[in-house]
>>> print(open('protein_21.csv').read())   # CSV, C-alpha atoms
chain,number,residue,atom,x,y,z
A,272,ARG,CA,-28.3,-74.0,203.3
A,273,PRO,CA,-28.3,-75.9,200.1
A,274,ASN,CA,-30.8,-73.4,199.3
A,275,ARG,CA,-31.5,-70.6,201.7
A,276,PRO,CA,-31.1,-66.9,201.0
A,277,GLU,CA,-31.2,-64.1,203.4
A,278,ARG,CA,-34.3,-62.9,205.1
A,279,ALA,CA,-35.1,-59.3,205.3
A,280,ASP,CA,-36.9,-59.2,208.6
A,281,ARG,CA,-37.7,-62.7,209.8
A,282,PRO,CA,-35.8,-64.1,213.1
A,283,GLU,CA,-35.5,-64.4,210.4
A,284,HIS,CA,-35.4,-66.1,209.7
A,285,ALA,CA,-39.3,-64.1,209.7
A,286,ALA,CA,-41.9,-62.4,207.5
A,287,ARG,CA,-45.5,-61.6,205.8
A,288,PRO,CA,-50.0,-61.1,203.0
A,289,GLU,CA,-56.8,-59.4,200.8
A,290,HIS,CA,-57.9,-59.0,197.9
A,291,ASP,CA,-60.6,-60.8,196.1
A,292,ALA,CA,-58.1,-62.9,194.2
A,293,ALA,CA,-56.8,-64.4,197.4
A,294,ARG,CA,-59.4,-65.8,199.9
A,295,PRO,CA,-57.8,-66.9,203.2
A,296,GLY,CA,-57.1,-70.6,203.1
A,297,GLY,CA,-57.2,-70.9,199.3
A,298,ALA,CA,-54.5,-71.9,196.9
A,299,ALA,CA,-53.4,-70.9,193.4
A,300,GLY,CA,-55.7,-71.8,190.6
A,301,ALA,CA,-54.6,-72.0,187.0
A,302,ASP,CA,-55.0,-68.3,186.5
A,303,GLY,CA,-52.9,-67.4,189.5
A,304,SER,CA,-56.0,-66.8,191.7
A,305,VAL,CA,-56.7,-68.6,195.0
A,306,ARG,CA,-59.4,-71.2,195.2
A,307,PRO,CA,-61.5,-71.5,198.3
A,308,ASP,CA,-61.3,-75.3,198.5
A,309,GLY,CA,-57.6,-75.1,199.3
A,310,SER,CA,-56.5,-77.2,196.2
A,311,ALA,CA,-53.6,-76.0,194.2
A,312,GLY,CA,-54.7,-77.3,190.9
A,313,ALA,CA,-52.7,-76.4,187.8
A,314,GLY,CA,-51.7,-73.0,189.2
A,315,GLY,CA,-49.0,-74.3,191.5
A,316,ALA,CA,-47.5,-76.4,188.8
A,317,ALA,CA,-47.5,-73.4,186.5
A,318,LEU,CA,-45.3,-71.6,189.0
A,319,HIS,CA,-42.9,-74.4,189.9
A,320,GLY,CA,-41.1,-74.8,186.6
A,321,PRO,CA,-40.3,-71.1,185.9
A,322,VAL,CA,-39.2,-70.4,189.5
A,323,ILE,CA,-37.0,-73.5,189.8
A,324,ASP,CA,-35.5,-72.9,186.3
A,325,TRP,CA,-34.7,-69.3,187.3
A,326,PHE,CA,-33.1,-70.6,190.5
A,327,ASP,CA,-31.0,-73.1,188.7
A,328,ALA,CA,-29.6,-70.3,186.5
A,329,HIS,CA,-29.3,-67.5,189.1
A,330,ALA,CA,-28.8,-68.9,192.6
A,331,ARG,CA,-25.9,-67.5,194.5
A,332,ASP,CA,-23.0,-69.8,195.3
A,333,LEU,CA,-23.2,-69.8,199.1
A,334,PRO,CA,-21.2,-72.2,201.3
A,335,TRP,CA,-24.2,-73.7,203.1
A,336,ARG,CA,-25.6,-74.7,199.7
A,337,ARG,CA,-22.7,-76.8,198.9
A,338,PRO,CA,-22.8,-80.6,199.6
A,339,GLU,CA,-19.8,-80.4,201.9
A,340,ALA,CA,-21.8,-78.1,204.3
A,341,GLY,CA,-23.8,-81.1,205.5
A,342,PRO,CA,-26.8,-80.8,207.8
A,343,TRP,CA,-24.7,-79.1,210.5
A,344,GLY,CA,-23.6,-76.4,208.1
A,345,VAL,CA,-27.2,-75.9,207.0
A,346,MET,CA,-28.4,-75.6,210.7
A,347,VAL,CA,-25.6,-73.1,211.5
A,348,SER,CA,-26.6,-70.9,208.5
A,349,GLU,CA,-30.2,-71.0,209.5
A,350,PHE,CA,-29.5,-69.7,213.0
A,351,MET,CA,-27.1,-67.0,211.7
A,352,LEU,CA,-29.3,-65.8,208.8
A,353,GLN,CA,-32.2,-64.9,211.1
A,354,GLN,CA,-32.6,-61.1,210.7
A,355,THR,CA,-29.0,-60.8,209.4
A,356,PRO,CA,-28.0,-60.3,205.7
A,357,VAL,CA,-25.8,-62.8,203.9
A,358,ASN,CA,-22.8,-60.5,203.5
A,359,ARG,CA,-22.5,-60.2,207.3
A,360,VAL,CA,-23.0,-63.9,207.9
A,361,LEU,CA,-20.5,-65.2,205.4
A,362,PRO,CA,-17.2,-64.5,207.3
A,363,VAL,CA,-18.6,-65.5,210.7
A,364,TYR,CA,-20.1,-68.7,209.2
A,365,GLU,CA,-16.7,-69.7,207.7
A,366,GLN,CA,-14.9,-69.1,210.9
A,367,TRP,CA,-17.5,-70.9,213.0
A,368,LEU,CA,-17.4,-74.1,210.8
A,369,ALA,CA,-13.6,-74.0,210.8
A,370,ARG,CA,-13.6,-74.0,214.6
A,371,TRP,CA,-16.6,-76.2,215.2
A,372,PRO,CA,-17.1,-78.5,212.2
A,373,THR,CA,-19.5,-80.7,214.1
A,374,PRO,CA,-22.2,-80.2,216.8
A,375,ALA,CA,-20.0,-82.1,219.3
A,376,ASP,CA,-17.1,-79.7,218.7
A,377,LEU,CA,-19.3,-76.8,219.7
A,378,ALA,CA,-21.0,-78.7,222.6
A,379,ALA,CA,-17.5,-79.3,224.1
A,380,GLU,CA,-16.9,-75.6,224.6
A,381,PRO,CA,-18.5,-73.2,227.1
A,382,PRO,CA,-21.6,-71.4,225.8
A,383,GLY,CA,-19.7,-68.1,226.3
A,384,GLU,CA,-17.3,-69.1,223.5
A,385,ALA,CA,-20.3,-69.3,221.1
A,386,VAL,CA,-21.3,-65.8,222.2
A,387,ARG,CA,-17.7,-64.6,221.6
A,388,ALA,CA,-17.5,-66.2,218.2
A,389,TRP,CA,-20.9,-64.7,217.2
A,390,GLY,CA,-19.2,-61.3,217.0
A,391,ARG,CA,-21.4,-58.5,215.8
A,392,LEU,CA,-24.1,-60.6,214.0
A,393,GLY,CA,-26.6,-59.3,216.4
A,394,TYR,CA,-29.3,-61.0,218.5
A,395,PRO,CA,-26.7,-63.0,220.3
A,396,ARG,CA,-29.2,-65.2,222.1
A,397,ARG,CA,-29.1,-67.1,218.8
A,398,ALA,CA,-25.5,-68.2,219.7
A,399,LEU,CA,-26.7,-69.6,223.1
A,400,ARG,CA,-29.6,-71.4,221.4
A,401,LEU,CA,-27.3,-72.9,218.7
A,402,HIS,CA,-24.9,-74.0,221.5
A,403,GLY,CA,-27.9,-75.6,223.3
A,404,ALA,CA,-29.0,-77.3,220.1
A,405,ALA,CA,-25.4,-78.7,219.7
A,406,VAL,CA,-25.4,-80.1,223.2
A,407,ALA,CA,-28.8,-81.8,222.6
A,408,ILE,CA,-27.6,-83.2,219.3
A,409,ARG,CA,-24.6,-84.7,221.0
A,410,GLU,CA,-26.6,-86.1,223.9
A,411,ARG,CA,-29.7,-87.3,222.1
A,412,HIS,CA,-28.6,-88.1,218.5
A,413,GLY,CA,-25.0,-89.2,218.8
A,414,GLY,CA,-23.7,-86.0,217.4
A,415,ARG,CA,-25.6,-86.1,214.1
A,416,VAL,CA,-28.2,-83.5,213.2
A,417,PRO,CA,-31.5,-85.5,213.1
A,418,SER,CA,-33.4,-85.7,209.9
A,419,ASP,CA,-36.8,-86.2,211.5
A,420,HIS,CA,-38.9,-83.0,211.5
A,421,ALA,CA,-40.3,-83.7,215.0
A,422,GLU,CA,-36.8,-84.4,216.4
A,423,LEU,CA,-35.5,-81.2,214.9
A,424,LEU,CA,-38.4,-79.3,216.4
A,425,ALA,CA,-37.6,-80.7,219.8
A,426,LEU,CA,-34.1,-79.2,219.8
A,427,PRO,CA,-33.5,-76.1,221.9
A,428,GLY,CA,-33.9,-72.9,219.9
A,429,VAL,CA,-35.4,-74.7,216.9
A,430,GLY,CA,-38.8,-73.5,215.9
A,431,GLU,CA,-41.2,-74.4,213.1
A,432,TYR,CA,-39.3,-72.5,210.4
A,433,THR,CA,-35.8,-73.8,211.3
A,434,ALA,CA,-37.0,-77.4,211.6
A,435,ALA,CA,-38.7,-77.2,208.2
A,436,ALA,CA,-35.7,-75.5,206.6
A,437,VAL,CA,-33.1,-78.0,207.9
A,438,ALA,CA,-35.3,-81.0,206.9
A,439,SER,CA,-35.8,-79.5,203.5
A,440,PHE,CA,-32.4,-78.0,202.7
A,441,ALA,CA,-30.2,-80.6,204.4
A,442,TYR,CA,-32.3,-83.7,203.8
A,443,GLY,CA,-34.4,-82.9,200.7
A,444,GLN,CA,-37.7,-83.4,202.4
A,445,ARG,CA,-41.1,-81.9,201.5
A,446,HIS,CA,-42.0,-79.1,203.9
A,447,ALA,CA,-43.4,-75.6,203.6
A,448,VAL,CA,-40.5,-73.4,204.4
A,449,MET,CA,-41.7,-69.8,205.0
A,450,ASP,CA,-39.5,-66.9,205.8
A,451,THR,CA,-40.0,-63.3,205.0
A,452,ASN,CA,-38.9,-63.7,201.4
A,453,VAL,CA,-41.2,-66.6,200.6
A,454,ARG,CA,-44.2,-65.0,202.3
A,455,ARG,CA,-43.7,-61.8,200.2
A,456,VAL,CA,-43.4,-63.8,196.9
A,457,PHE,CA,-46.6,-65.7,197.7
A,458,ALA,CA,-48.4,-62.5,198.9
A,459,ARG,CA,-47.7,-60.8,195.6
A,460,ALA,CA,-47.7,-63.6,193.0
A,461,VAL,CA,-50.8,-65.5,194.4
A,462,SER,CA,-52.6,-63.2,196.8
A,463,GLY,CA,-52.2,-59.9,194.9
A,464,ARG,CA,-50.9,-57.9,197.9
A,465,GLU,CA,-47.7,-56.0,198.1
A,466,PHE,CA,-46.8,-57.4,201.6
A,467,PRO,CA,-48.0,-60.2,203.8
A,468,PRO,CA,-49.2,-59.6,207.3
A,469,ASP,CA,-46.7,-58.9,210.1
A,470,ALA,CA,-47.2,-62.4,211.6
A,471,THR,CA,-47.6,-65.6,209.6
A,472,THR,CA,-51.3,-66.6,209.4
A,473,ALA,CA,-53.0,-70.0,209.1
A,474,ALA,CA,-54.2,-69.0,205.7
A,475,GLU,CA,-50.6,-68.4,204.6
A,476,ARG,CA,-49.5,-71.8,205.9
A,477,LYS,CA,-52.4,-73.5,204.1
A,478,LEU,CA,-51.5,-71.8,200.9
A,479,ALA,CA,-47.8,-72.7,201.2
A,480,ARG,CA,-48.6,-76.3,201.7
A,481,ALA,CA,-51.0,-76.3,198.8
A,482,LEU,CA,-48.3,-74.9,196.5
A,483,LEU,CA,-45.8,-77.5,197.4
A,484,PRO,CA,-44.7,-79.8,194.6
A,485,ALA,CA,-45.8,-83.4,195.2
A,486,ASP,CA,-42.3,-85.0,195.1
A,487,GLU,CA,-39.7,-84.4,197.8
A,488,PRO,CA,-36.7,-83.3,195.6
A,489,THR,CA,-38.8,-80.8,193.7
A,490,ALA,CA,-40.5,-79.5,196.8
A,491,ALA,CA,-37.1,-78.9,198.4
A,492,ARG,CA,-35.9,-77.1,195.3
A,493,TRP,CA,-39.1,-75.0,195.3
A,494,ALA,CA,-38.5,-73.9,198.9
A,495,ALA,CA,-35.0,-72.8,198.1
A,496,ALA,CA,-36.0,-71.1,194.8
A,497,THR,CA,-38.9,-69.1,196.2
A,498,MET,CA,-36.6,-67.8,199.0
A,499,GLU,CA,-33.9,-66.8,196.5
A,500,LEU,CA,-36.5,-65.1,194.3
A,501,GLY,CA,-37.7,-63.0,197.2
A,502,ALA,CA,-34.2,-62.1,198.3
A,503,LEU,CA,-32.9,-61.1,194.9
A,504,VAL,CA,-35.8,-60.1,192.7
A,505,CYS,CA,-39.1,-59.8,194.6
A,506,THR,CA,-37.6,-57.6,197.2
A,507,ALA,CA,-39.4,-55.5,199.8
A,508,ARG,CA,-38.5,-52.0,198.6
A,509,THR,CA,-37.6,-52.3,194.9
A,510,PRO,CA,-39.0,-55.5,193.2
A,511,ASP,CA,-37.4,-56.0,189.8
A,512,CYS,CA,-40.5,-57.3,188.0
A,513,ALA,CA,-38.7,-57.2,184.7
A,514,ARG,CA,-36.4,-60.0,185.9
A,515,CYS,CA,-39.1,-62.1,187.6
A,516,PRO,CA,-39.8,-65.5,185.9
A,517,ILE,CA,-43.5,-65.4,187.0
A,518,THR,CA,-44.4,-61.8,186.2
A,519,ALA,CA,-47.1,-63.0,183.8
A,520,GLN,CA,-48.7,-65.0,186.5
A,521,CYS,CA,-48.3,-62.4,189.3
A,522,ALA,CA,-51.7,-61.4,190.8
A,523,TRP,CA,-50.2,-58.2,192.3
A,524,ARG,CA,-48.9,-57.1,188.9
A,525,ALA,CA,-52.2,-58.1,187.2
A,526,ALA,CA,-54.0,-55.9,189.7
A,527,GLY,CA,-51.8,-52.9,188.9
A,528,SER,CA,-49.3,-53.3,191.7
A,529,PRO,CA,-51.6,-51.8,194.4
A,530,ALA,CA,-49.8,-50.2,197.3
A,531,HIS,CA,-49.9,-51.7,200.7
A,532,ASP,CA,-53.1,-50.7,202.5
A,533,GLY,CA,-52.4,-52.4,205.9
A,534,PRO,CA,-50.8,-51.0,209.1
A,535,PRO,CA,-47.7,-48.9,208.5
A,536,ARG,CA,-44.5,-51.1,208.1
A,537,ARG,CA,-42.0,-49.7,210.5
A,538,GLY,CA,-38.3,-50.2,209.9
A,539,GLN,CA,-36.2,-51.4,212.8
A,540,THR,CA,-34.3,-48.7,214.7
A,541,TYR,CA,-31.0,-49.4,216.4
A,542,ALA,CA,-29.2,-46.1,217.4
A,543,GLY,CA,-29.9,-45.2,221.1
A,544,THR,CA,-31.8,-48.4,221.8
A,545,ASP,CA,-31.1,-51.0,224.5
A,546,ARG,CA,-30.0,-53.3,221.7
A,547,GLN,CA,-27.2,-50.9,220.9
A,548,VAL,CA,-26.1,-50.7,224.6
A,549,ARG,CA,-26.2,-54.5,224.9
A,550,GLY,CA,-24.0,-54.8,221.9
A,551,LYS,CA,-21.5,-52.4,223.3
A,552,LEU,CA,-21.4,-54.2,226.6
A,553,LEU,CA,-21.0,-57.6,224.9
A,554,ALA,CA,-18.2,-56.2,222.7
A,555,VAL,CA,-16.1,-55.4,225.8
A,556,LEU,CA,-16.7,-58.9,227.2
A,557,ARG,CA,-15.9,-60.6,223.9
A,558,GLU,CA,-12.6,-58.9,223.7
A,559,ALA,CA,-11.6,-59.6,227.3
A,560,VAL,CA,-9.5,-62.7,228.4
A,561,ALA,CA,-10.4,-62.2,232.0
A,562,PRO,CA,-13.5,-61.1,234.0
A,563,VAL,CA,-14.3,-57.5,233.4
A,564,PRO,CA,-14.9,-55.0,236.3
A,565,GLN,CA,-18.1,-52.9,236.4
A,566,ALA,CA,-16.0,-49.7,235.9
A,567,ALA,CA,-14.9,-50.9,232.4
A,568,LEU,CA,-18.5,-51.6,231.4
A,569,ASP,CA,-19.6,-48.2,232.8
A,570,LYS,CA,-17.5,-46.5,230.1
A,571,VAL,CA,-19.4,-47.9,227.1
A,572,TRP,CA,-22.6,-45.8,227.6
A,573,HIS,CA,-23.2,-42.4,229.1
A,574,GLU,CA,-26.7,-43.0,230.5
A,575,PRO,CA,-26.5,-45.0,233.7
A,576,VAL,CA,-30.1,-46.2,233.9
A,577,GLN,CA,-30.2,-47.5,230.4
A,578,ARG,CA,-26.8,-49.0,230.8
A,579,ALA,CA,-27.8,-50.9,234.0
A,580,ARG,CA,-31.0,-52.0,232.3
A,581,ALA,CA,-29.1,-53.4,229.3
A,582,LEU,CA,-26.6,-55.2,231.6
A,583,ASP,CA,-29.4,-56.7,233.7
A,584,GLY,CA,-31.1,-57.9,230.5
A,585,LEU,CA,-27.9,-59.6,229.4
A,586,VAL,CA,-27.6,-61.4,232.7
A,587,ALA,CA,-31.2,-62.4,232.6
A,588,ASP,CA,-30.8,-63.8,229.1
A,589,GLY,CA,-27.8,-65.9,230.2
A,590,LEU,CA,-25.4,-64.0,227.9
A,591,VAL,CA,-23.4,-62.6,230.8
A,592,GLU,CA,-22.4,-64.1,234.2
A,593,PRO,CA,-22.0,-61.8,237.2
A,594,LEU,CA,-19.2,-62.7,239.6
A,595,ASP,CA,-18.3,-61.6,243.1
A,596,GLY,CA,-16.5,-58.3,243.4
A,597,GLY,CA,-18.5,-56.6,240.6
A,598,LEU,CA,-16.9,-58.6,237.8
A,599,TYR,CA,-18.6,-59.9,234.7
A,600,ARG,CA,-17.8,-62.5,232.0
A,601,LEU,CA,-19.3,-64.5,229.2
A,602,PRO,CA,-21.1,-67.6,230.5
A,603,LEU,CA,-19.1,-70.8,231.2
A,604,THR,CA,-22.1,-73.0,231.8
>>> encode(input="protein_21.csv", output="structure tokens")
Amino acid sequence: RPNRPERADRPEHAARPEHDAARPGGAAGADGSVRPDGSAGAGGAALHGPVIDWFDAHARDLPWRRPEAGPWGVMVSEFMLQQTPVNRVLPVYEQWLARWPTPADLAAEPPGEAVRAWGRLGYPRRALRLHGAAVAIRERHGGRVPSDHAELLALPGVGEYTAAAVASFAYGQRHAVMDTNVRRVFARAVSGREFPPDATTAAERKLARALLPADEPTAARWAAATMELGALVCTARTPDCARCPITAQCAWRAAGSPAHDGPPRRGQTYAGTDRQVRGKLLAVLREAVAPVPQAALDKVWHEPVQRARALDGLVADGLVEPLDGGLYRLPLT
């Protein structure tokens, strides 16, 4: 998006922040602490300039950040970047926009073609949701991605994060855009914690709104800049504090970089899971030009119970259509 970096564990776009310096519901004070009345005061402004200046100097040149991407390009990138790193998204994004440069182009194709083109990005229900959003954009908005936040939120597959991101990054509006990277930056810089909570809290949302710059263009730039800072510098595993433009204001650094004291953060596993089996089944169907017999799908995984469960799940999710005679295909409707 004209400003959206990858998210480490959002979908996704998602992601995470107790400590005396950060009372729930507060906002940054001039010294980087959080004030209980929820007002940002001078603290927010003290962060805006350094972070945005850093972004202007160090932001990656990504296709969805270019003016020619337009709102549709921003929306496509937002769907694809949920729980998927930039390097994997880039080639699929380019191919997608070359094939479907507008929502109407995608809406004119069967949803199974979206699943096919999604390739190995993972979480393929995102492809169906993006197709559904394209159909709704064609039918409700004359083929143009709406700029109104409520209208974006009403699209299939568009949640609070994606609606705010598209409104901010495509239309330059003032919204709190919170993915994993942003939440981690705020948790450290303002709340003094290594990581935010697993699920976004009301206190985090209040803090993010309080930290927003007052004018729309600066707020949109701030949203992009905090994401990029979390993606490139304030990373989950190896934060590069020496390169951080707000190290001097960081509450976590000031507290001695205390280790995470919440529930263990578990990494996602893939090998041997139903997700892996689903991916193998979909790979066969994506490559096929005709419906695939059950026997061909049976070859992809040795364990029949897990294989059947994965296939049933794909059918239930609308990613696969069962046909008479034990045949399967990607969905046409």
>>> residues_around(input="protein_21.csv", residues="Arg415 in chain A", least_positions_apart="2", cutoff="10 Å", atoms="only C-alpha atoms", output="ChimeraX atom specification")
/A:342-343,373-375,405,408-413,417-418
>>> write_last_selection(input="protein_21.csv", atoms="C-alpha atoms", output="compact mmCIF listing (two decimals), keeping the file's coordinate frame")
# COMPACT_ATOMS: atom_id res chain seq x y z
CA PRO A 342 -26.80 -80.80 207.80
CA TRP A 343 -24.70 -79.10 210.50
CA THR A 373 -19.50 -80.70 214.10
CA PRO A 374 -22.20 -80.20 216.80
CA ALA A 375 -20.00 -82.10 219.30
CA ALA A 405 -25.40 -78.70 219.70
CA ILE A 408 -27.60 -83.20 219.30
CA ARG A 409 -24.60 -84.70 221.00
CA GLU A 410 -26.60 -86.10 223.90
CA ARG A 411 -29.70 -87.30 222.10
CA HIS A 412 -28.60 -88.10 218.50
CA GLY A 413 -25.00 -89.20 218.80
CA PRO A 417 -31.50 -85.50 213.10
CA SER A 418 -33.40 -85.70 209.90
>>> residues_around(input="protein_21.csv", residues="range 502-505 of chain A", least_positions_apart="2", cutoff="10 Å", atoms="all atoms listed in the file", output="ChimeraX atom specification")
/A:275-279,329-331,356,451-453,455-456,459-460,496-500,507-516
>>> closest_residue(input="protein_21.csv", among="A:His319, A:Arg397, A:Arg480, A:His531", to="Pro468 in chain A", atoms="only C-alpha atoms")
A:His531
>>> closest_residue(input="protein_21.csv", among="A:Gly596, A:Gly414, A:Gly589, A:Pro362", to="Leu399 in chain A", atoms="all atoms listed in the file")
A:Gly589
>>> closest_residue(input="protein_21.csv", among="A:His420, A:Arg549, A:His402, A:Arg337", to="Arg578 in chain A", atoms="all atoms listed in the file")
A:Arg549
>>> residues_around(input="protein_21.csv", residues="Gly403 in chain A", least_positions_apart="3", cutoff="9 Å", atoms="all atoms listed in the file", output="PDB file with C-alpha atoms, in the frame of the given file")
ATOM      1  CA  ALA A 378     -21.000 -78.700 222.600  1.00  0.00           C
ATOM      2  CA  PRO A 382     -21.600 -71.400 225.800  1.00  0.00           C
ATOM      3  CA  ALA A 398     -25.500 -68.200 219.700  1.00  0.00           C
ATOM      4  CA  LEU A 399     -26.700 -69.600 223.100  1.00  0.00           C
ATOM      5  CA  ARG A 400     -29.600 -71.400 221.400  1.00  0.00           C
ATOM      6  CA  VAL A 406     -25.400 -80.100 223.200  1.00  0.00           C
ATOM      7  CA  ALA A 407     -28.800 -81.800 222.600  1.00  0.00           C
ATOM      8  CA  ILE A 408     -27.600 -83.200 219.300  1.00  0.00           C
ATOM      9  CA  LEU A 426     -34.100 -79.200 219.800  1.00  0.00           C
ATOM     10  CA  PRO A 427     -33.500 -76.100 221.900  1.00  0.00           C
ATOM     11  CA  GLY A 428     -33.900 -72.900 219.900  1.00  0.00           C
TER      12      GLY A 428
END
>>> atom_distance(input="protein_21.csv", atom1="CA of Asp569 in chain A", atom2="CA of Arg359 in chain A")
28.3 Å
>>> closest_residue(input="protein_21.csv", among="A:Ala328, A:Trp493, A:Glu431, A:Gly443", to="Thr471 in chain A", atoms="all atoms listed in the file")
A:Glu431
>>> atom_distance(input="protein_21.csv", atom1="CA of Ala491 in chain A", atom2="CA of Ala317 in chain A")
16.7 Å
>>> closest_residue(input="protein_21.csv", among="A:Gly393, A:Asp532, A:Val563, A:Trp572", to="Arg600 in chain A", atoms="all atoms listed in the file")
A:Val563
>>> atom_distance(input="protein_21.csv", atom1="CA of Val586 in chain A", atom2="CA of Leu556 in chain A")
12.5 Å
>>> closest_residue(input="protein_21.csv", among="A:Ala494, A:Thr489, A:Gly430, A:Gln354", to="Met449 in chain A", atoms="all atoms listed in the file")
A:Ala494
>>> residues_around(input="protein_21.csv", residues="Ala525 in chain A", least_positions_apart="6", cutoff="9 Å", atoms="only C-alpha atoms", output="list in words")
Gly463, Thr518 and Ala519 of chain A
